[in-house]
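Just below is one structure, and these are the notes that go with it.
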Amino acid sequence: MSLIDNLEADGFDLKTLLDPKASQEVARVMQICNACRYCEGFCAVFPAMTRRRHFNEGDVGYLSNLCHNCGACYHACQYAPPHEFGVNVPQAFAAARNDSYAAYAWPGPLAGLFRQNGLFVTLGISGGLALTVGLMLAMIAPSLFWGVHLGEGAFYKIMPHTVMATIPIVISAFVIVAFVMGWRRYWHHTGAKWSGMRDLVDAVKASASMRHLGGDSASDVISAPGCPSGDDQSSNLRRIYHQLTMYGFLLCFASTSVGTIYHYGFGREAPYGYFELPVVLGTVGGIILCIGTAGLFFEKRRLHPAVKHESGLGMDYAFIVSLFLVSFTGLLLLAVRETSLMGLTLAVHLGLVYGFFLILPYSKFVHGLYRFAALLASAGETRRG
Ligand code: SF4
Ligand code: SF4
């Protein structure tokens with residue numbers, strides 16, 4: 001039985017995954033753009049568009065995740081409102097993209113979490129926080145919780161290492177399965193094809209440099225003009241904040257990974273010295289993650305109102321704020337770890353981290369997953385011609 005058969009046996013109708021209204025609007029504007037083609041050099045969407053004459057639901061899922069919502073084509077468009085054609089490509093894609101997150105979500109019944117997502121993320125993070133703080137207070141005496149603990153193993157006087165490590169292992173196992181299933185749904189729905197390692201290299205380069213936020217389709221360098229902001233001036237700020245957020249997240253992930261190697265490989269327990277690798281990676285990662293998420297928050301607010309779609313705003317802001325809080329409390333923990341506030345700060349930080357990872361497959365984080373899949377598919381299409 002094929003994957004599609006399996007999905008359809010689950011009650012999934014791949015032909016109608018996306019909201020028909022959002023799909024039809026994307027198909028309508030793409031038909032107009034295909035006749036016009038003025039924006040051909042702006043980003044990868046337009047070359048992909050020219051390879052199609054009709055736009056089915058799979059194409060809409062693919063193209064909407066290839067779009068970065070930079071707004072360049074809206075600002076350049078002679079058919080944008082108030083023109084009777086009313087072409088607004090970024091907004092049409094934003095609506096379809098938000099639908100696609102729900103459409104590819106696994107397990108299917110949790111797809112509804114993408115609706116009212118801002119509220120869901122807030123509740124998920126708060127729940128993780130309340131549970132962790134409550135669990136710690138229930139497990140240990142107040143004198144330990146509010147005590148000063150110094151040296152290696154200090155964190156585990158507040159929460160035993162087995163508990164601290166088991167919770168993320170269970171959450172990660174679920175998150176990885178959800179991501180793999182979401183990816184498979186996206187890949188089959190859009191009809192994407194894998195055509196070799198060179199596509200993977202190209203997609204990694206485009207992601208690492210945020211090429212399409214450079215204001216044209218080939219800019220891997222930061223001297224590129226950038227994308228229009230709310231005041232119609234081009235700027236690279238959005239690209240820079242995106243990169244800080246992505247690399248900050250990766251450095252924090254590397255810090256945790258190195259810490260795990262220290263623990264199991266060398267028998268060394270956290271917290272580590274200020275100049276040891278896990279702390280250096282976490283500190284640098286945390287600082288640039290704070291700057292990146294704060295910058296994205298303000299850039300999102302500055303984005304021209306016409307290119308946003310209200311269905312995704314709550315999700316965007318909730319994700320940015322929760323990621324900022326995770327990184328900020330990590331830095332705060334470093335600052336107070338040798339004081340009596342360590343217990344409370346550790347509980348708050350871990351609660352935010354657990355809540356954040358639990359909601360990951362139903363948050364804006366999936367943007368990175370499907371965007372990378374779209375870049376991979378685009379690299380293959382470009383190579384095949
Ligand atoms: S967005 Fe407007 S100007 Fe650009 S290709 Fe489409 S119709 Fe033409
Ligand atoms: S990435 Fe920018 S230029 Fe390309 S379709 Fe989206 S909004 Fe338009």
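Chains: A, B, ... in order of the structure tokens. Residues: from 1 per chain. Ligands: from 1, in order shown.
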Would you mind listing the residues within 8 Å of ligand 1, counting only C-alpha atoms and all ligand atoms, as a VMD selection string?
chain A and resid 29 to 30 32 to 40 46 73 to 74 76 to 80 87 to 89
Env. residues ligand 2 / 7 Å / only C-alpha atoms and all ligand atoms / as a ChimeraX atom specification:
/A:42-46,67-74,89-90,212
Could you pull out all residues of segment 58-288 of chain A with a DSSP call of helix (DSSP H, G or I) and give them as JSON, numbers by chain?
{"A": [58, 59, 60, 61, 62, 63, 64, 65, 66, 72, 73, 74, 75, 76, 89, 90, 91, 92, 93, 94, 95, 96, 97, 98, 99, 100, 101, 102, 103, 108, 109, 110, 111, 112, 113, 114, 117, 118, 119, 120, 121, 122, 123, 124, 125, 126, 127, 128, 129, 130, 131, 132, 133, 134, 135, 136, 137, 138, 139, 142, 143, 144, 145, 155, 156, 157, 161, 162, 163, 164, 165, 166, 167, 168, 169, 170, 171, 172, 173, 174, 175, 176, 177, 178, 179, 180, 181, 182, 183, 184, 185, 186, 187, 188, 189, 190, 197, 198, 199, 200, 201, 202, 203, 204, 205, 206, 207, 208, 209, 211, 212, 213, 237, 238, 239, 240, 241, 242, 243, 244, 245, 246, 247, 248, 249, 250, 251, 252, 253, 254, 255, 256, 257, 258, 259, 260, 261, 262, 263, 264, 265, 266, 277, 278, 279, 280, 281, 282, 283, 284, 285, 286, 287, 288]}
I'd like the contact shell of Met164 of chain A - 12 Å cut-off, only C-alpha atoms, skipping same-chain residues fewer than 6 positions apart - returned as an MDAnalysis selection string.
chainID A and resid 132 135:136 155:158 170:171 270 346:347 349:351 353:354
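In this structure, atom CA of Glu57 of chain A sits 6.3 Å away from atom CA of Ser23 of chain A.
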Would you please work out which residue, of A:Phe93, A:Phe298, A:Phe179, A:Tyr262, is nearest to Ser64 of chain A when using only C-alpha atoms?
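Closest to Ser64 of chain A, using only C-alpha atoms: A:Phe93.
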What does the distance between atom CA of Thr245 of chain A and atom CA of Ile125 of chain A come to in Å, to one decimal place?
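Spanning atom CA of Thr245 of chain A to atom CA of Ile125 of chain A is a straight-line distance of 19.1 Å.
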What's the 12 Å shell around Pro107 of chain A, counting only C-alpha atoms, without same-chain residues fewer than 4 positions away, as a PyMOL selection string?
chain A and resi 7+10-12+102-103+111-113+174-175+177-182+185+361-362
I want to know what sits within 12 Å of Leu123 of chain A, based on only C-alpha atoms, with residues of the same chain fewer than 4 positions away left out; could you give that as a ChimeraX atom specification?
/A:113,116-119,127-131,318,322,352,355-356,358-359
With N, CA and C atoms retained, export the selected residues as a PDB file, in the first residue's frame.
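Printed below is out10.pdb as written:
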```
ATOM      1  N   LEU A 113      -4.751  22.655  15.827  1.00  0.00           N
ATOM      2  CA  LEU A 113      -3.931  23.504  16.696  1.00  0.00           C
ATOM      3  C   LEU A 113      -3.321  24.675  15.928  1.00  0.00           C
ATOM      4  N   GLN A 116      -6.164  29.431  15.738  1.00  0.00           N
ATOM      5  CA  GLN A 116      -5.982  30.067  17.050  1.00  0.00           C
ATOM      6  C   GLN A 116      -4.615  29.687  17.613  1.00  0.00           C
ATOM      7  N   ASN A 117      -3.600  29.666  16.750  1.00  0.00           N
ATOM      8  CA  ASN A 117      -2.297  29.134  17.150  1.00  0.00           C
ATOM      9  C   ASN A 117      -1.617  29.976  18.231  1.00  0.00           C
ATOM     10  N   GLY A 118      -1.841  31.285  18.190  1.00  0.00           N
ATOM     11  CA  GLY A 118      -1.230  32.142  19.205  1.00  0.00           C
ATOM     12  C   GLY A 118      -1.680  31.718  20.596  1.00  0.00           C
ATOM     13  N   LEU A 119      -2.974  31.432  20.724  1.00  0.00           N
ATOM     14  CA  LEU A 119      -3.529  30.999  22.011  1.00  0.00           C
ATOM     15  C   LEU A 119      -2.972  29.636  22.397  1.00  0.00           C
ATOM     16  N   GLY A 127       1.678  25.874  30.154  1.00  0.00           N
ATOM     17  CA  GLY A 127       1.452  24.555  30.764  1.00  0.00           C
ATOM     18  C   GLY A 127       2.782  23.894  31.108  1.00  0.00           C
ATOM     19  N   GLY A 128       3.730  23.950  30.169  1.00  0.00           N
ATOM     20  CA  GLY A 128       5.057  23.360  30.405  1.00  0.00           C
ATOM     21  C   GLY A 128       5.725  24.028  31.594  1.00  0.00           C
ATOM     22  N   LEU A 129       5.570  25.339  31.660  1.00  0.00           N
ATOM     23  CA  LEU A 129       6.177  26.119  32.744  1.00  0.00           C
ATOM     24  C   LEU A 129       5.569  25.731  34.099  1.00  0.00           C
ATOM     25  N   ALA A 130       4.238  25.735  34.161  1.00  0.00           N
ATOM     26  CA  ALA A 130       3.554  25.452  35.430  1.00  0.00           C
ATOM     27  C   ALA A 130       3.865  24.032  35.902  1.00  0.00           C
ATOM     28  N   LEU A 131       3.868  23.074  34.947  1.00  0.00           N
ATOM     29  CA  LEU A 131       4.129  21.679  35.317  1.00  0.00           C
ATOM     30  C   LEU A 131       5.538  21.492  35.872  1.00  0.00           C
ATOM     31  N   ALA A 318       3.552  34.578  18.546  1.00  0.00           N
ATOM     32  CA  ALA A 318       3.667  33.637  19.679  1.00  0.00           C
ATOM     33  C   ALA A 318       4.977  32.865  19.593  1.00  0.00           C
ATOM     34  N   SER A 322       8.022  33.219  22.295  1.00  0.00           N
ATOM     35  CA  SER A 322       8.397  32.053  23.107  1.00  0.00           C
ATOM     36  C   SER A 322       9.877  31.711  22.906  1.00  0.00           C
ATOM     37  N   LEU A 352       9.930  26.403  30.122  1.00  0.00           N
ATOM     38  CA  LEU A 352       9.780  27.048  28.811  1.00  0.00           C
ATOM     39  C   LEU A 352      10.351  26.158  27.702  1.00  0.00           C
ATOM     40  N   GLY A 355       7.966  23.137  27.161  1.00  0.00           N
ATOM     41  CA  GLY A 355       6.733  23.591  26.491  1.00  0.00           C
ATOM     42  C   GLY A 355       7.013  23.940  25.036  1.00  0.00           C
ATOM     43  N   PHE A 356       8.139  24.629  24.805  1.00  0.00           N
ATOM     44  CA  PHE A 356       8.506  25.062  23.457  1.00  0.00           C
ATOM     45  C   PHE A 356       8.680  23.852  22.532  1.00  0.00           C
ATOM     46  N   LEU A 358       7.512  20.825  22.914  1.00  0.00           N
ATOM     47  CA  LEU A 358       6.261  20.065  22.760  1.00  0.00           C
ATOM     48  C   LEU A 358       5.361  20.675  21.692  1.00  0.00           C
ATOM     49  N   ILE A 359       5.333  22.002  21.614  1.00  0.00           N
ATOM     50  CA  ILE A 359       4.434  22.635  20.631  1.00  0.00           C
ATOM     51  C   ILE A 359       5.113  22.807  19.260  1.00  0.00           C
TER      52      ILE A 359
END
```
Which of segment 126-244 of chain A DSSP labels strand (DSSP E or B), written as a count of residues only:
4
Determine, for each residue of segment 234-292 of chain A having at least one atom at most 12 Å from an atom of segment 196-210 of chain A, the closest pair of atoms and their separation in Å to one decimal, counting only C-alpha atoms; order by chain and ascending number, as a Markdown table.
```
| residue | atom | partner | partner_atom | distance |
| --- | --- | --- | --- | --- |
| A:Asn236 | CA | A:Met210 | CA | 10.5 |
| A:Leu237 | CA | A:Met210 | CA | 11.8 |
| A:Arg238 | CA | A:Met210 | CA | 9.9 |
| A:Arg239 | CA | A:Met210 | CA | 6.5 |
| A:Ile240 | CA | A:Met210 | CA | 8.7 |
| A:Tyr241 | CA | A:Met210 | CA | 10.5 |
| A:His242 | CA | A:Met210 | CA | 7.9 |
| A:Gln243 | CA | A:Met210 | CA | 7.2 |
| A:Leu244 | CA | A:Ala208 | CA | 10.7 |
| A:Thr245 | CA | A:Ala208 | CA | 11.6 |
| A:Met246 | CA | A:Ala208 | CA | 8.6 |
| A:Tyr247 | CA | A:Ala208 | CA | 8.8 |
| A:Leu250 | CA | A:Ala208 | CA | 11.4 |
```
Would you mind exporting N, CA and C atoms of the selected residues as a PDB file, in the first residue's frame?
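Saved file result.pdb follows:
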```pdb
ATOM      1  N   ASN A 236      18.136  44.962   4.509  1.00  0.00           N
ATOM      2  CA  ASN A 236      18.569  43.594   4.771  1.00  0.00           C
ATOM      3  C   ASN A 236      18.287  43.164   6.200  1.00  0.00           C
ATOM      4  N   LEU A 237      17.635  44.047   6.983  1.00  0.00           N
ATOM      5  CA  LEU A 237      17.458  43.743   8.404  1.00  0.00           C
ATOM      6  C   LEU A 237      16.694  42.441   8.637  1.00  0.00           C
ATOM      7  N   ARG A 238      15.650  42.214   7.846  1.00  0.00           N
ATOM      8  CA  ARG A 238      14.845  41.006   8.067  1.00  0.00           C
ATOM      9  C   ARG A 238      15.690  39.750   7.816  1.00  0.00           C
ATOM     10  N   ARG A 239      16.502  39.839   6.779  1.00  0.00           N
ATOM     11  CA  ARG A 239      17.385  38.719   6.466  1.00  0.00           C
ATOM     12  C   ARG A 239      18.387  38.483   7.604  1.00  0.00           C
ATOM     13  N   ILE A 240      18.968  39.572   8.108  1.00  0.00           N
ATOM     14  CA  ILE A 240      19.966  39.456   9.187  1.00  0.00           C
ATOM     15  C   ILE A 240      19.320  38.865  10.447  1.00  0.00           C
ATOM     16  N   TYR A 241      18.127  39.349  10.814  1.00  0.00           N
ATOM     17  CA  TYR A 241      17.472  38.834  12.030  1.00  0.00           C
ATOM     18  C   TYR A 241      17.068  37.366  11.857  1.00  0.00           C
ATOM     19  N   HIS A 242      16.643  37.006  10.643  1.00  0.00           N
ATOM     20  CA  HIS A 242      16.334  35.593  10.380  1.00  0.00           C
ATOM     21  C   HIS A 242      17.579  34.734  10.581  1.00  0.00           C
ATOM     22  N   GLN A 243      18.698  35.237  10.057  1.00  0.00           N
ATOM     23  CA  GLN A 243      19.934  34.453  10.175  1.00  0.00           C
ATOM     24  C   GLN A 243      20.392  34.359  11.623  1.00  0.00           C
ATOM     25  N   LEU A 244      20.297  35.474  12.360  1.00  0.00           N
ATOM     26  CA  LEU A 244      20.692  35.429  13.775  1.00  0.00           C
ATOM     27  C   LEU A 244      19.827  34.417  14.525  1.00  0.00           C
ATOM     28  N   THR A 245      18.534  34.403  14.213  1.00  0.00           N
ATOM     29  CA  THR A 245      17.636  33.469  14.896  1.00  0.00           C
ATOM     30  C   THR A 245      18.018  32.026  14.562  1.00  0.00           C
ATOM     31  N   MET A 246      18.236  31.757  13.290  1.00  0.00           N
ATOM     32  CA  MET A 246      18.556  30.378  12.885  1.00  0.00           C
ATOM     33  C   MET A 246      19.898  29.934  13.465  1.00  0.00           C
ATOM     34  N   TYR A 247      20.929  30.776  13.329  1.00  0.00           N
ATOM     35  CA  TYR A 247      22.252  30.356  13.819  1.00  0.00           C
ATOM     36  C   TYR A 247      22.299  30.344  15.348  1.00  0.00           C
ATOM     37  N   LEU A 250      20.807  27.081  16.328  1.00  0.00           N
ATOM     38  CA  LEU A 250      21.737  25.975  16.057  1.00  0.00           C
ATOM     39  C   LEU A 250      22.883  25.942  17.080  1.00  0.00           C
TER      40      LEU A 250
END
```
Give me, as JSON lines, the closest atom pair and its distance (Å, one decimal) for every residue of segment 267-300 of chain A within a cut-off of 10 Å of segment 323-338 of chain A, counting only C-alpha atoms, rows sorted by chain and rising number.
```
{"residue": "A:Pro271", "atom": "CA", "partner": "A:Arg337", "partner_atom": "CA", "distance": 8.5}
{"residue": "A:Tyr274", "atom": "CA", "partner": "A:Leu334", "partner_atom": "CA", "distance": 8.6}
{"residue": "A:Val279", "atom": "CA", "partner": "A:Leu334", "partner_atom": "CA", "distance": 8.5}
{"residue": "A:Gly282", "atom": "CA", "partner": "A:Gly330", "partner_atom": "CA", "distance": 8.1}
{"residue": "A:Thr283", "atom": "CA", "partner": "A:Leu331", "partner_atom": "CA", "distance": 6.6}
{"residue": "A:Val284", "atom": "CA", "partner": "A:Leu331", "partner_atom": "CA", "distance": 9.6}
{"residue": "A:Gly285", "atom": "CA", "partner": "A:Ser327", "partner_atom": "CA", "distance": 8.2}
{"residue": "A:Gly286", "atom": "CA", "partner": "A:Ser327", "partner_atom": "CA", "distance": 4.9}
{"residue": "A:Ile287", "atom": "CA", "partner": "A:Ser327", "partner_atom": "CA", "distance": 7.5}
{"residue": "A:Ile288", "atom": "CA", "partner": "A:Ser327", "partner_atom": "CA", "distance": 9.1}
{"residue": "A:Leu289", "atom": "CA", "partner": "A:Ser327", "partner_atom": "CA", "distance": 6.5}
{"residue": "A:Cys290", "atom": "CA", "partner": "A:Phe324", "partner_atom": "CA", "distance": 5.3}
{"residue": "A:Ile291", "atom": "CA", "partner": "A:Phe324", "partner_atom": "CA", "distance": 8.5}
{"residue": "A:Gly292", "atom": "CA", "partner": "A:Phe324", "partner_atom": "CA", "distance": 8.5}
{"residue": "A:Thr293", "atom": "CA", "partner": "A:Phe324", "partner_atom": "CA", "distance": 5.8}
{"residue": "A:Ala294", "atom": "CA", "partner": "A:Phe324", "partner_atom": "CA", "distance": 7.0}
{"residue": "A:Phe297", "atom": "CA", "partner": "A:Phe324", "partner_atom": "CA", "distance": 9.8}
```
Have a look at atom CA of Thr339 of chain A and atom CA of Gly265 of chain A and let me know their distance in Å, one decimal.
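About the pair atom CA of Thr339 of chain A and atom CA of Gly265 of chain A: they are 28.7 Å apart.
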